[in-house]
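The file coords-v9.txt contains compact mmCIF, C-alpha atoms:
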```txt
# COMPACT_ATOMS: atom_id res chain seq x y z
CA MET M 25 71.93 88.47 151.73
CA LEU M 26 69.28 91.14 151.33
CA LEU M 27 71.73 93.64 152.72
CA ASP M 28 74.32 92.58 150.17
CA THR M 29 71.88 92.97 147.31
CA THR M 30 70.90 96.43 148.48
CA HIS M 31 74.56 97.25 148.82
CA LEU M 32 75.18 95.99 145.31
CA MET M 33 72.34 98.04 143.90
CA GLU M 34 73.57 101.16 145.60
CA THR M 35 77.09 100.61 144.32
CA ALA M 36 75.83 99.96 140.82
CA LEU M 37 73.77 103.14 140.95
CA LEU M 38 76.80 105.07 142.13
CA VAL M 39 78.93 103.66 139.33
CA LEU M 40 76.22 104.52 136.82
CA ALA M 41 75.97 108.03 138.21
CA ALA M 42 79.75 108.37 137.97
CA TYR M 43 79.68 107.15 134.37
CA LEU M 44 76.90 109.58 133.42
CA LEU M 45 78.71 112.39 135.18
CA GLY M 46 81.81 111.52 133.17
CA CYS M 47 79.79 111.51 129.93
CA VAL M 48 78.35 114.95 130.64
CA LEU M 49 81.73 116.28 131.73
CA GLY M 50 83.54 114.87 128.71
CA TYR M 51 80.98 116.26 126.31
CA GLY M 52 80.88 119.61 128.06
CA ILE M 53 84.65 119.97 128.26
CA ARG M 54 85.10 119.20 124.60
CA ARG M 55 82.29 121.55 123.66
CA VAL M 56 83.74 124.36 125.73
CA LEU M 57 87.21 123.76 124.29
CA TYR M 58 85.80 123.72 120.77
CA ALA M 59 83.89 126.95 121.39
CA ALA M 60 87.01 128.58 122.86
CA ARG M 61 89.07 127.53 119.85
CA GLY M 62 86.43 128.89 117.49
CA THR M 63 86.43 132.22 119.35
CA ARG M 64 90.23 132.37 119.16
CA GLN M 65 90.10 131.74 115.43
CA ARG M 66 87.44 134.38 114.97
CA THR M 67 89.52 136.84 117.01
CA ALA M 68 92.57 136.07 114.89
CA ILE M 69 90.60 136.62 111.71
CA ALA M 70 89.16 139.86 113.03
CA THR M 71 92.63 141.05 114.08
CA SER M 72 94.15 140.26 110.72
CA ALA M 73 91.24 141.94 108.96
CA ALA M 74 91.72 145.00 111.13
CA ALA M 75 95.44 144.97 110.39
CA MET M 76 94.71 144.81 106.69
CA ALA M 77 92.18 147.57 106.92
CA LEU M 78 94.44 149.82 108.98
CA PRO M 79 96.67 151.12 106.16
CA GLU M 80 93.56 152.18 104.28
CA ILE M 81 92.40 154.25 107.21
CA LYS M 82 95.80 155.82 107.79
CA ARG M 83 96.05 156.94 104.21
CA SER M 84 95.36 160.65 104.23
CA ARG M 85 96.89 161.73 100.98
CA SER M 86 95.39 163.88 98.30
CA PRO M 87 93.16 162.17 95.71
CA ALA M 88 95.85 162.50 93.05
CA ALA M 89 98.49 160.98 95.32
CA ARG M 90 96.11 158.18 96.25
CA LEU M 91 95.41 157.48 92.59
CA ALA M 92 99.10 157.41 91.79
CA ALA M 93 99.73 155.11 94.72
CA ARG M 94 96.94 152.82 93.58
CA VAL M 95 98.48 152.58 90.10
CA ASP M 96 101.84 151.71 91.62
CA GLU M 97 100.40 149.15 94.00
CA PRO M 98 100.09 145.63 92.79
CA MET M 99 96.56 144.42 92.31
CA PRO M 100 95.27 142.99 95.56
CA ALA M 101 94.79 139.30 95.33
CA PRO M 102 91.23 138.12 95.71
CA ALA M 103 90.51 136.88 99.21
CA ARG M 104 89.93 133.37 98.14
CA VAL M 105 89.49 131.93 94.74
CA VAL M 106 87.57 128.73 94.81
CA GLN M 107 88.65 126.60 91.95
CA PRO M 108 85.79 124.57 90.53
CA ARG M 109 86.61 120.96 91.13
CA VAL M 110 85.85 118.53 88.44
CA ILE M 111 84.33 115.56 90.16
CA GLU M 112 85.20 112.40 88.40
CA PRO M 113 82.46 109.80 88.35
CA PRO M 114 83.37 107.01 90.73
CA VAL M 115 84.67 103.95 89.05
CA ILE M 116 82.66 101.27 90.79
CA ALA M 117 83.70 98.40 88.69
CA SER M 118 85.54 98.02 85.50
CA ARG M 119 83.34 96.72 82.78
CA PRO M 120 85.29 94.42 80.51
CA ARG M 121 86.60 96.32 77.53
CA PRO M 122 87.74 94.47 74.47
CA SER M 123 90.75 96.73 74.05
CA SER M 124 92.15 96.13 77.52
CA ARG M 125 91.11 92.57 78.19
CA THR M 126 92.42 89.46 76.69
CA THR M 127 90.17 87.14 74.79
CA LYS M 128 90.56 84.56 77.54
CA SER M 129 89.38 87.03 80.17
CA MET M 130 86.41 87.96 77.99
CA ASP M 131 85.46 84.32 77.77
CA ARG M 132 85.37 84.06 81.56
CA ALA M 133 83.21 87.16 82.00
CA PRO M 134 79.52 86.47 82.61
CA ALA M 135 76.88 87.89 80.34
CA ALA M 136 76.36 91.50 81.31
CA LEU M 137 73.44 93.82 80.76
CA LEU M 138 73.75 97.51 80.03
CA ALA M 139 70.62 98.15 82.08
CA PRO M 140 68.20 96.06 84.12
CA ARG M 141 65.52 94.25 82.19
CA GLY M 142 61.98 95.45 82.66
CA GLU M 143 61.34 98.26 85.05
CA ALA M 144 63.79 97.49 87.81
CA ALA M 145 66.71 95.35 88.85
CA ASP M 146 66.31 92.52 91.34
CA ASN M 147 67.16 93.20 94.93
CA LEU M 148 70.44 91.29 94.94
CA ARG M 149 70.82 91.96 98.66
CA GLN M 150 68.38 89.14 99.22
CA ILE M 151 71.33 86.87 98.57
CA LYS M 152 73.16 86.29 101.83
CA GLY M 153 76.57 87.90 101.59
CA ILE M 154 75.58 90.68 99.22
CA GLY M 155 75.32 94.11 100.77
CA PRO M 156 74.66 97.51 99.25
CA LYS M 157 78.28 97.99 98.17
CA ILE M 158 78.59 94.62 96.52
CA GLU M 159 75.23 95.09 94.86
CA ALA M 160 76.43 98.38 93.41
CA SER M 161 79.63 96.70 92.23
CA LEU M 162 77.67 93.92 90.59
CA ASN M 163 75.40 96.46 88.93
CA GLY M 164 78.55 98.14 87.70
CA LEU M 165 79.55 94.84 86.10
CA GLY M 166 76.17 94.61 84.40
CA ILE M 167 74.68 92.09 86.84
CA TYR M 168 71.17 93.09 87.81
CA HIS M 169 69.11 89.90 88.08
CA PHE M 170 69.10 86.66 90.02
CA ASP M 171 68.93 84.57 86.87
CA GLN M 172 72.17 86.15 85.65
CA ILE M 173 73.97 84.98 88.79
CA ALA M 174 72.18 81.63 88.70
CA GLY M 175 73.57 81.06 85.24
CA TRP M 176 77.20 81.68 86.17
CA THR M 177 79.68 79.00 85.29
CA LYS M 178 82.76 78.24 87.38
CA ALA M 179 84.79 80.46 85.06
CA ASN M 180 82.28 83.27 85.48
CA VAL M 181 82.44 82.93 89.25
CA ASP M 182 86.24 83.04 89.14
CA TRP M 183 86.12 86.11 86.92
CA VAL M 184 83.73 88.03 89.19
CA ASP M 185 85.78 86.87 92.16
CA ASP M 186 88.86 88.38 90.53
CA GLN M 187 87.07 91.57 89.54
CA LEU M 188 85.74 92.26 93.00
CA ALA M 189 88.73 90.77 94.87
CA PHE M 190 86.49 88.41 96.80
CA LYS M 191 88.94 85.52 97.16
CA GLY M 192 86.42 82.74 96.76
CA ARG M 193 83.60 84.40 98.63
CA ILE M 194 81.04 83.71 95.89
CA GLY M 195 81.63 79.99 96.21
CA ARG M 196 81.77 80.02 100.00
CA GLU M 197 78.51 81.92 100.31
CA ARG M 198 76.92 79.88 97.51
CA TRP M 199 75.63 82.86 95.60
CA VAL M 200 74.81 80.82 92.50
CA GLU M 201 72.66 78.36 94.46
CA GLN M 202 71.00 81.19 96.37
CA ALA M 203 70.37 83.06 93.13
CA ALA M 204 68.87 79.95 91.54
CA LYS M 205 66.55 79.61 94.49
CA MET M 206 65.58 83.28 94.25
CA THR M 207 64.95 82.87 90.55
CA ARG M 208 62.59 79.96 91.24
CA VAL M 209 60.82 81.95 93.99
CA LYS M 210 60.50 84.90 91.63
CA ALA M 211 59.13 82.66 88.86
CA ASP M 212 56.61 81.06 91.22
CA ALA M 213 55.39 84.41 92.51
CA MET Y 217 70.81 105.46 151.70
CA ASP Y 218 71.96 107.81 154.40
CA TRP Y 219 75.00 110.04 154.33
CA ASP Y 220 77.14 107.59 156.29
CA GLY Y 221 76.31 104.80 153.89
CA LEU Y 222 77.17 106.96 150.92
CA THR Y 223 80.51 108.04 152.34
CA TYR Y 224 81.26 104.43 153.17
CA LEU Y 225 80.53 103.33 149.60
CA LEU Y 226 82.53 106.22 148.19
CA GLY Y 227 85.42 105.32 150.45
CA VAL Y 228 85.40 101.67 149.52
CA TYR Y 229 84.48 101.76 145.85
CA TRP Y 230 86.14 104.99 144.76
CA PRO Y 231 88.47 103.28 142.27
CA TYR Y 232 85.48 101.79 140.46
CA LEU Y 233 83.70 105.12 140.50
CA LEU Y 234 86.82 106.82 139.18
CA ALA Y 235 87.11 104.24 136.42
CA ALA Y 236 83.45 104.70 135.49
CA THR Y 237 83.92 108.47 135.43
CA LEU Y 238 86.95 108.16 133.18
CA ILE Y 239 85.09 105.85 130.82
CA GLY Y 240 82.21 108.31 130.81
CA LEU Y 241 84.62 111.15 130.07
CA VAL Y 242 86.00 109.33 127.06
CA VAL Y 243 82.53 108.40 125.81
CA GLY Y 244 81.24 111.94 126.30
CA TRP Y 245 84.33 113.41 124.67
CA ARG Y 246 83.98 111.20 121.64
CA SER Y 247 80.25 111.78 121.35
CA PHE Y 248 80.74 115.47 120.68
CA ALA Y 249 80.59 116.04 116.96
CA PRO Y 250 81.86 119.47 115.89
CA PRO Y 251 79.31 121.24 113.71
CA LYS Y 252 80.29 121.23 110.07
CA ALA Y 253 81.04 124.61 108.60
```
Target encoding structure tokens, full file:
Amino acid sequence: MLLDTTHLMETALLVLAAYLLGCVLGYGIRRVLYAARGTRQRTAIATSAAAMALPEIKRSRSPAARLAARVDEPMPAPARVVQPRVIEPPVIASRPRPSSRTTKSMDRAPAALLAPRGEAADNLRQIKGIGPKIEASLNGLGIYHFDQIAGWTKANVDWVDDQLAFKGRIGRERWVEQAAKMTRVKADA
Amino acid sequence: MDWDGLTYLLGVYWPYLLAATLIGLVVGWRSFAPPKA
């Protein structure tokens, strides 16, 4: 039995060594291949740059002829023009707008705040089921505090569910009850 | 472990060792993150 255990340990060590060897090999091979590809690209760039520069070197005309040739030549295009990209602000959540929403939808929407009350918003991630993304989405909808969620009606819950495409998650995870509890804890503290 | 024992284990368990090496290769390959330009 002792022999078997020793045997097992040795085999396990061998397998581990093989695995580690594979890890090092895989990493090394990919690194070498990446470096080789980078060198090839650099060589290609250098070659093309040399090819572009070659006509300039070969030109051995008189200054007047060179000037005339330059006038005839089309303007060389700039190497690379980087167009400034206008970065649109991410639309996290669509705040209800009276122009685009029906009156019925507006009635279902919970009371929203433009900014958190006081100095900071509540940490909504304390509610089980709310992560950083959902918290950001809720903030985008004007929900910053536990008492806001605690005060949601069924219609409000349905509306937020629709807005964030949660498919009943708010009810399943009992956000309103959790938020009410958090509100009480916050009030007691 | 002496040399005979090692060769015996290699002879018997080589498929497992090969499999472990292949898994390691994949893991090592995937763990390489090309530096961002």
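The protein and nucleic acid residues lying at most 12 Å from Pro251 in chain Y are Arg55, Tyr58, Ala59 and Gly62 of chain M, with all atoms listed in the file considered and sequence neighbours fewer than 4 positions away removed.
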Can you work out which residues from chain Y touch chain M at a cut-off of 7 Å (counting all atoms listed in the file) and hand them back as a PyMOL selection string? chain Y and resi 225+232-233+236-245+247-248
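Comparing the minimum interatomic distances between Trp183 in chain M and each of M:Arg149, M:Arg132, M:Arg141, M:Lys210, counting all atoms listed in the file, we find that M:Arg132 sits nearest.
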Padding 4 Å on every side, please: axis-aligned box over the listed atoms of range 30-39 of chain M, centre and edge lengths to one decimal in Å, as AutoDock Vina command-line options.
```
--center_x 74.9 --center_y 100.5 --center_z 144.1 --size_x 16.0 --size_y 17.1 --size_z 17.5
```
What gap, in Å, lies between CA of Trp176 in chain M and CA of Leu162 in chain M? 13.0 Å
So that I can see what lies close to His169 in chain M, please list as a list in words the residues with an atom at most 9 Å from it, counting all atoms listed in the file and leaving out residues fewer than 2 positions away in the same chain. Pro140, Arg141, Ala145, Asp146, Asn147, Leu148, Ile167, Asp171, Gln172, Ile173, Ala174, Ala203 and Thr207 of chain M
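One distance worth recording is that between CA of Pro231 in chain Y and CA of Asp218 in chain Y, which is 21.0 Å.
Rounded to one decimal, CA of Gly142 in chain M and CA of Asp182 in chain M lie 28.0 Å from each other.
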